[in-house]
Amino acid sequence: MQNQEKTDLNKVIEFLTIKFPKSFSLKGEAKPLKVGIFNDIAGQIGEEDPVSKTQIRHALRRYTNSWRYLEAVVKGGQRVDLEGNDAEPLTEEHVQHAQTQLAESKAKFQEKKKANAGKDKKPYKKPAKNVANPPKRKPKSDSQGTKPVAEPQKELVANDDFTDGKKVQVKLGASPIAATIVETSKNEVSVQLASGMVMKVSKENIFQA
C-alpha cells in the first residue's frame with residue numbers, strides 16, 4: 001500500500017512539473033516556492049485535471065522535503081510563484097530550518113544504510129590470476145579527450161500538425177518526455193504519457209518526436 005501511494009505521489013509531482021514548468025522540476029536545481037503556493041495551484045486545478053487537491057497537498061509535502069529542494073532553500077535567495085517570478089525573499093529562519101531538516105534527513109539515511117550494510121553481505125574473494133591467458137587490454141579510443149557533441153535542439157510542433165495519435169515530446173522541467181496527442185484545442189493539447197496519465201499542456205511545450 002505504501003509503495004502504491006509513493007507511485008501515485010510521483011505521478012502528481014510529474015503532473016505539476018508539466019503544468020507549471022517554470023516553478024517545478026524533476027531534475028537539476030530546484031526553485032524555492034512561495035509561501036501559500038498550494039492555494040495558487042488549487043485555484044488553477046479543474047475537474048478535467050487527473051489529480052485532487054488532497055493529492056497535491058501530499059505531493060507538495062514530499063517535493064519540499066526532498067534533499068534537492070532543501071539544498072536550494074539553504075542557498076537562500078528568492079521564492080518563486082507558479083510563473084517562476086520572484087515572489088518573496090527567503091528568511092533567515094526558513095534557511096536555518098531547511099539546514100536542520102537536511103542534516104537530520106541525511107543522518108537518518110546514513111543510519112539506515114549502516115544498519116542494512118551487514119545484512120546478506122558476502123565476503124569478497126579476490127579472483128585468481130589467469131597466468132596462461134591474461135586479459136586483453138582494450139585499445140584506446142581515438143575519441144578520448146574530445147568534447148561530447150551537444151544534443152540538437154528540439155523542434156516545436158507546427159500549429160497545423162497537432163493531430164490525434166501523433167507521437168511528440170513534452171517538455172518536463174529540463175528533460176522532454178515521450179507522449180501521444182489525444183485531443184487538441186485552441187491553446188492547449190491533451191497528451192497521454194507513457195505512464196497512462198492524460199493531461200493538458202500548452203502548445204509551446206510540445207516538440208517533434
# chains A, B, ... in the order shown; residues from 1 in each chain; ligands from 1
call {"tool": "residues_around", "arguments": {"residues": "segment 43-50 of chain A", "least_positions_apart": "2", "cutoff": "8 Å", "atoms": "only C-alpha atoms", "output": "number ranges by chain"}}
result
A: 39-41, 52-53, 197-200
call {"tool": "write_last_selection", "arguments": {"atoms": "all heavy atoms", "output": "compact mmCIF listing (two decimals), in the first residue's frame"}}
result
# COMPACT_ATOMS: atom_id res chain seq x y z
N ASN A 39 -2.50 27.23 -2.45
CA ASN A 39 -3.76 27.92 -2.80
C ASN A 39 -3.74 28.38 -4.26
O ASN A 39 -4.77 28.35 -4.94
CB ASN A 39 -3.97 29.11 -1.87
CG ASN A 39 -4.20 28.68 -0.43
OD1 ASN A 39 -4.78 27.63 -0.18
ND2 ASN A 39 -3.75 29.47 0.52
N ASP A 40 -2.57 28.81 -4.75
CA ASP A 40 -2.45 29.23 -6.15
C ASP A 40 -2.68 28.04 -7.08
O ASP A 40 -3.35 28.16 -8.11
CB ASP A 40 -1.06 29.83 -6.40
CG ASP A 40 -0.83 31.09 -5.59
OD1 ASP A 40 -1.82 31.67 -5.10
OD2 ASP A 40 0.34 31.49 -5.45
N ILE A 41 -2.11 26.89 -6.71
CA ILE A 41 -2.27 25.68 -7.53
C ILE A 41 -3.73 25.24 -7.52
O ILE A 41 -4.32 24.92 -8.56
CB ILE A 41 -1.37 24.54 -7.02
CG1 ILE A 41 0.10 24.94 -7.15
CG2 ILE A 41 -1.64 23.26 -7.79
CD1 ILE A 41 1.05 23.94 -6.51
N SER A 52 -6.32 15.36 -7.46
CA SER A 52 -7.18 16.04 -6.48
C SER A 52 -6.34 17.01 -5.66
O SER A 52 -5.11 16.93 -5.64
CB SER A 52 -7.83 15.01 -5.55
OG SER A 52 -6.84 14.39 -4.73
N LYS A 53 -7.02 17.91 -4.96
CA LYS A 53 -6.31 18.88 -4.12
C LYS A 53 -5.62 18.19 -2.96
O LYS A 53 -4.55 18.62 -2.51
CB LYS A 53 -7.30 19.94 -3.62
CG LYS A 53 -7.85 20.82 -4.74
CD LYS A 53 -8.86 21.83 -4.22
CE LYS A 53 -9.41 22.66 -5.39
NZ LYS A 53 -10.41 23.66 -4.93
N MET A 197 -1.03 8.57 -17.80
CA MET A 197 -1.67 9.81 -17.36
C MET A 197 -1.98 10.72 -18.55
O MET A 197 -1.16 10.89 -19.43
CB MET A 197 -0.75 10.54 -16.36
CG MET A 197 -1.32 11.86 -15.88
SD MET A 197 -0.19 12.68 -14.72
CE MET A 197 -0.33 11.60 -13.32
N VAL A 198 -3.17 11.29 -18.56
CA VAL A 198 -3.57 12.23 -19.60
C VAL A 198 -3.67 13.62 -18.98
O VAL A 198 -4.28 13.80 -17.92
CB VAL A 198 -4.93 11.83 -20.21
CG1 VAL A 198 -5.38 12.87 -21.23
CG2 VAL A 198 -4.84 10.47 -20.86
N MET A 199 -3.05 14.62 -19.61
CA MET A 199 -3.08 15.99 -19.08
C MET A 199 -3.01 17.00 -20.20
O MET A 199 -2.63 16.70 -21.33
CB MET A 199 -1.93 16.20 -18.10
CG MET A 199 -0.55 16.02 -18.70
SD MET A 199 0.73 16.20 -17.44
CE MET A 199 0.25 14.94 -16.29
N LYS A 200 -3.42 18.24 -19.88
CA LYS A 200 -3.39 19.31 -20.85
C LYS A 200 -2.06 20.06 -20.75
O LYS A 200 -1.59 20.35 -19.66
CB LYS A 200 -4.55 20.28 -20.61
CG LYS A 200 -5.90 19.68 -20.95
CD LYS A 200 -7.02 20.71 -20.83
CE LYS A 200 -8.35 20.12 -21.23
NZ LYS A 200 -9.45 21.11 -21.13
call {"tool": "atom_distance", "arguments": {"atom1": "atom CA of Asn85 of chain A", "atom2": "atom CA of Tyr63 of chain A"}}
result
19.1 Å
call {"tool": "atom_distance", "arguments": {"atom1": "atom CA of Val182 of chain A", "atom2": "atom CA of Gly196 of chain A"}}
result
11.6 Å
call {"tool": "closest_residue", "arguments": {"among": "A:Lys167, A:Lys19, A:Lys31, A:Lys154", "to": "Glu188 of chain A", "atoms": "only C-alpha atoms"}}
result
A:Lys19
call {"tool": "closest_residue", "arguments": {"among": "A:Asp161, A:Leu172, A:Ala194, A:Ala87", "to": "Ile13 of chain A", "atoms": "only C-alpha atoms"}}
result
A:Leu172
call {"tool": "atom_distance", "arguments": {"atom1": "atom CA of Leu33 of chain A", "atom2": "atom CA of His58 of chain A"}}
result
15.2 Å
call {"tool": "select_by_dssp", "arguments": {"residues": "segment 63-116 of chain A", "states": "alpha helix (DSSP H)", "output": "PyMOL selection string"}}
result
chain A and resi 63-64+67-74+92-116
call {"tool": "residues_around", "arguments": {"residues": "Glu93 of chain A", "least_positions_apart": "5", "cutoff": "12 Å", "atoms": "only C-alpha atoms", "output": "PDB file with N, CA and C atoms, in the first residue's frame"}}
result
ATOM      1  N   VAL A  73      16.835  25.778  -0.830  1.00  0.00           N
ATOM      2  CA  VAL A  73      16.431  26.745   0.198  1.00  0.00           C
ATOM      3  C   VAL A  73      17.637  27.196   1.024  1.00  0.00           C
ATOM      4  N   VAL A  74      18.528  26.242   1.319  1.00  0.00           N
ATOM      5  CA  VAL A  74      19.718  26.561   2.127  1.00  0.00           C
ATOM      6  C   VAL A  74      20.581  27.633   1.441  1.00  0.00           C
ATOM      7  N   GLY A  76      19.561  30.154  -0.048  1.00  0.00           N
ATOM      8  CA  GLY A  76      18.956  31.469   0.099  1.00  0.00           C
ATOM      9  C   GLY A  76      18.471  32.016  -1.227  1.00  0.00           C
ATOM     10  N   ALA A  98      15.632  24.755   7.007  1.00  0.00           N
ATOM     11  CA  ALA A  98      15.964  23.831   5.923  1.00  0.00           C
ATOM     12  C   ALA A  98      17.293  23.136   6.194  1.00  0.00           C
ATOM     13  N   GLN A  99      18.266  23.872   6.752  1.00  0.00           N
ATOM     14  CA  GLN A  99      19.555  23.274   7.093  1.00  0.00           C
ATOM     15  C   GLN A  99      19.376  22.153   8.114  1.00  0.00           C
ATOM     16  N   THR A 100      18.529  22.391   9.126  1.00  0.00           N
ATOM     17  CA  THR A 100      18.282  21.387  10.161  1.00  0.00           C
ATOM     18  C   THR A 100      17.590  20.164   9.570  1.00  0.00           C
TER      19      THR A 100
END
call {"tool": "residues_around", "arguments": {"residues": "Ile18 of chain A", "least_positions_apart": "6", "cutoff": "9 Å", "atoms": "only C-alpha atoms", "output": "PyMOL selection string"}}
result
chain A and resi 24-25+170-173+199-201+205
call {"tool": "write_last_selection", "arguments": {"atoms": "C-alpha atoms", "output": "short mmCIF file (atom, residue, chain, number, x, y, z; two decimals), in the first residue's frame"}}
result
data_model
loop_
_atom_site.label_atom_id
_atom_site.label_comp_id
_atom_site.auth_asym_id
_atom_site.auth_seq_id
_atom_site.Cartn_x
_atom_site.Cartn_y
_atom_site.Cartn_z
CA PHE A 24 8.52 22.78 -10.55
CA SER A 25 11.15 20.35 -11.90
CA VAL A 170 6.56 17.11 -23.98
CA LYS A 171 8.78 19.46 -22.01
CA LEU A 172 9.11 18.12 -18.44
CA GLY A 173 11.30 20.53 -16.50
CA MET A 199 -3.08 15.99 -19.08
CA LYS A 200 -3.39 19.31 -20.85
CA VAL A 201 -0.16 21.05 -21.96
CA ASN A 205 5.90 22.94 -24.56
#
call {"tool": "closest_residue", "arguments": {"among": "A:Lys34, A:Phe15, A:Pro21, A:Asn159", "to": "Val191 of chain A", "atoms": "only C-alpha atoms"}}
result
A:Phe15
call {"tool": "select_by_dssp", "arguments": {"residues": "segment 10-124 of chain A", "states": "strand (DSSP E or B)", "output": "number ranges by chain"}}
result
A: 33, 78-80, 86-89
call {"tool": "closest_residue", "arguments": {"among": "A:Trp67, A:Gly28, A:Asp160, A:His94", "to": "Ser185 of chain A", "atoms": "only C-alpha atoms"}}
result
A:Asp160
call {"tool": "decode", "arguments": {"residues": "segment 71-84 of chain A", "atoms": "all heavy atoms", "output": "PDB file, in the first residue's frame"}}
result
ATOM      1  N   GLU A  71      18.227  21.751  -0.317  1.00  0.00           N
ATOM      2  CA  GLU A  71      19.527  22.340  -0.671  1.00  0.00           C
ATOM      3  C   GLU A  71      19.350  23.679  -1.387  1.00  0.00           C
ATOM      4  O   GLU A  71      20.159  24.592  -1.229  1.00  0.00           O
ATOM      5  CB  GLU A  71      20.319  21.359  -1.550  1.00  0.00           C
ATOM      6  CG  GLU A  71      20.867  20.169  -0.770  1.00  0.00           C
ATOM      7  CD  GLU A  71      21.411  19.076  -1.672  1.00  0.00           C
ATOM      8  OE1 GLU A  71      21.218  19.172  -2.907  1.00  0.00           O
ATOM      9  OE2 GLU A  71      22.037  18.126  -1.146  1.00  0.00           O
ATOM     10  N   ALA A  72      18.277  23.806  -2.170  1.00  0.00           N
ATOM     11  CA  ALA A  72      18.002  25.068  -2.857  1.00  0.00           C
ATOM     12  C   ALA A  72      17.611  26.145  -1.851  1.00  0.00           C
ATOM     13  O   ALA A  72      18.011  27.317  -1.985  1.00  0.00           O
ATOM     14  CB  ALA A  72      16.885  24.870  -3.881  1.00  0.00           C
ATOM     15  N   VAL A  73      16.835  25.778  -0.830  1.00  0.00           N
ATOM     16  CA  VAL A  73      16.431  26.745   0.198  1.00  0.00           C
ATOM     17  C   VAL A  73      17.637  27.196   1.024  1.00  0.00           C
ATOM     18  O   VAL A  73      17.773  28.365   1.365  1.00  0.00           O
ATOM     19  CB  VAL A  73      15.344  26.129   1.110  1.00  0.00           C
ATOM     20  CG1 VAL A  73      15.004  27.086   2.254  1.00  0.00           C
ATOM     21  CG2 VAL A  73      14.093  25.821   0.305  1.00  0.00           C
ATOM     22  N   VAL A  74      18.528  26.242   1.319  1.00  0.00           N
ATOM     23  CA  VAL A  74      19.718  26.561   2.127  1.00  0.00           C
ATOM     24  C   VAL A  74      20.581  27.633   1.441  1.00  0.00           C
ATOM     25  O   VAL A  74      21.209  28.458   2.099  1.00  0.00           O
ATOM     26  CB  VAL A  74      20.544  25.276   2.380  1.00  0.00           C
ATOM     27  CG1 VAL A  74      21.903  25.609   2.963  1.00  0.00           C
ATOM     28  CG2 VAL A  74      19.781  24.351   3.318  1.00  0.00           C
ATOM     29  N   LYS A  75      20.589  27.632   0.101  1.00  0.00           N
ATOM     30  CA  LYS A  75      21.382  28.624  -0.638  1.00  0.00           C
ATOM     31  C   LYS A  75      20.820  30.037  -0.497  1.00  0.00           C
ATOM     32  O   LYS A  75      21.503  31.014  -0.810  1.00  0.00           O
ATOM     33  CB  LYS A  75      21.443  28.236  -2.116  1.00  0.00           C
ATOM     34  CG  LYS A  75      22.255  26.988  -2.388  1.00  0.00           C
ATOM     35  CD  LYS A  75      22.284  26.675  -3.873  1.00  0.00           C
ATOM     36  CE  LYS A  75      23.092  25.413  -4.159  1.00  0.00           C
ATOM     37  NZ  LYS A  75      23.120  25.093  -5.605  1.00  0.00           N
ATOM     38  N   GLY A  76      19.561  30.154  -0.048  1.00  0.00           N
ATOM     39  CA  GLY A  76      18.956  31.469   0.099  1.00  0.00           C
ATOM     40  C   GLY A  76      18.471  32.016  -1.227  1.00  0.00           C
ATOM     41  O   GLY A  76      18.368  31.312  -2.217  1.00  0.00           O
ATOM     42  N   GLY A  77      18.132  33.304  -1.225  1.00  0.00           N
ATOM     43  CA  GLY A  77      17.660  33.923  -2.456  1.00  0.00           C
ATOM     44  C   GLY A  77      16.170  34.184  -2.413  1.00  0.00           C
ATOM     45  O   GLY A  77      15.594  34.486  -1.357  1.00  0.00           O
ATOM     46  N   GLN A  78      15.498  34.053  -3.555  1.00  0.00           N
ATOM     47  CA  GLN A  78      14.089  34.388  -3.691  1.00  0.00           C
ATOM     48  C   GLN A  78      13.206  33.148  -3.849  1.00  0.00           C
ATOM     49  O   GLN A  78      13.612  32.172  -4.461  1.00  0.00           O
ATOM     50  CB  GLN A  78      13.891  35.288  -4.925  1.00  0.00           C
ATOM     51  CG  GLN A  78      14.494  36.683  -4.785  1.00  0.00           C
ATOM     52  CD  GLN A  78      13.635  37.601  -3.942  1.00  0.00           C
ATOM     53  OE1 GLN A  78      12.415  37.449  -3.868  1.00  0.00           O
ATOM     54  NE2 GLN A  78      14.274  38.574  -3.309  1.00  0.00           N
ATOM     55  N   ARG A  79      12.014  33.221  -3.281  1.00  0.00           N
ATOM     56  CA  ARG A  79      10.990  32.236  -3.567  1.00  0.00           C
ATOM     57  C   ARG A  79      10.273  32.648  -4.853  1.00  0.00           C
ATOM     58  O   ARG A  79      10.206  33.835  -5.160  1.00  0.00           O
ATOM     59  CB  ARG A  79       9.970  32.148  -2.426  1.00  0.00           C
ATOM     60  CG  ARG A  79      10.543  31.596  -1.113  1.00  0.00           C
ATOM     61  CD  ARG A  79       9.441  31.494  -0.070  1.00  0.00           C
ATOM     62  NE  ARG A  79       9.921  30.987   1.202  1.00  0.00           N
ATOM     63  CZ  ARG A  79       9.993  29.701   1.513  1.00  0.00           C
ATOM     64  NH1 ARG A  79       9.601  28.807   0.634  1.00  0.00           N
ATOM     65  NH2 ARG A  79      10.432  29.315   2.697  1.00  0.00           N
ATOM     66  N   VAL A  80       9.737  31.689  -5.601  1.00  0.00           N
ATOM     67  CA  VAL A  80       9.091  32.000  -6.873  1.00  0.00           C
ATOM     68  C   VAL A  80       7.617  31.616  -6.837  1.00  0.00           C
ATOM     69  O   VAL A  80       7.188  30.768  -6.045  1.00  0.00           O
ATOM     70  CB  VAL A  80       9.778  31.272  -8.051  1.00  0.00           C
ATOM     71  CG1 VAL A  80      11.234  31.673  -8.143  1.00  0.00           C
ATOM     72  CG2 VAL A  80       9.643  29.757  -7.912  1.00  0.00           C
ATOM     73  N   ASP A  81       6.832  32.250  -7.742  1.00  0.00           N
ATOM     74  CA  ASP A  81       5.427  31.888  -7.891  1.00  0.00           C
ATOM     75  C   ASP A  81       5.293  30.842  -8.990  1.00  0.00           C
ATOM     76  O   ASP A  81       6.293  30.325  -9.498  1.00  0.00           O
ATOM     77  CB  ASP A  81       4.580  33.129  -8.187  1.00  0.00           C
ATOM     78  CG  ASP A  81       5.028  33.846  -9.462  1.00  0.00           C
ATOM     79  OD1 ASP A  81       5.745  33.245 -10.280  1.00  0.00           O
ATOM     80  OD2 ASP A  81       4.656  35.021  -9.629  1.00  0.00           O
ATOM     81  N   LEU A  82       4.072  30.537  -9.416  1.00  0.00           N
ATOM     82  CA  LEU A  82       3.850  29.488 -10.407  1.00  0.00           C
ATOM     83  C   LEU A  82       4.427  29.829 -11.771  1.00  0.00           C
ATOM     84  O   LEU A  82       4.689  28.942 -12.580  1.00  0.00           O
ATOM     85  CB  LEU A  82       2.343  29.206 -10.547  1.00  0.00           C
ATOM     86  CG  LEU A  82       1.695  28.529  -9.335  1.00  0.00           C
ATOM     87  CD1 LEU A  82       0.208  28.339  -9.574  1.00  0.00           C
ATOM     88  CD2 LEU A  82       2.360  27.194  -9.023  1.00  0.00           C
ATOM     89  N   GLU A  83       4.632  31.128 -12.038  1.00  0.00           N
ATOM     90  CA  GLU A  83       5.209  31.544 -13.314  1.00  0.00           C
ATOM     91  C   GLU A  83       6.726  31.662 -13.266  1.00  0.00           C
ATOM     92  O   GLU A  83       7.358  32.093 -14.221  1.00  0.00           O
ATOM     93  CB  GLU A  83       4.605  32.895 -13.731  1.00  0.00           C
ATOM     94  CG  GLU A  83       3.119  32.838 -14.040  1.00  0.00           C
ATOM     95  CD  GLU A  83       2.803  31.886 -15.176  1.00  0.00           C
ATOM     96  OE1 GLU A  83       3.583  31.861 -16.155  1.00  0.00           O
ATOM     97  OE2 GLU A  83       1.803  31.146 -15.096  1.00  0.00           O
ATOM     98  N   GLY A  84       7.320  31.302 -12.119  1.00  0.00           N
ATOM     99  CA  GLY A  84       8.767  31.373 -11.987  1.00  0.00           C
ATOM    100  C   GLY A  84       9.287  32.753 -11.640  1.00  0.00           C
ATOM    101  O   GLY A  84      10.492  32.988 -11.635  1.00  0.00           O
TER     102      GLY A  84
END
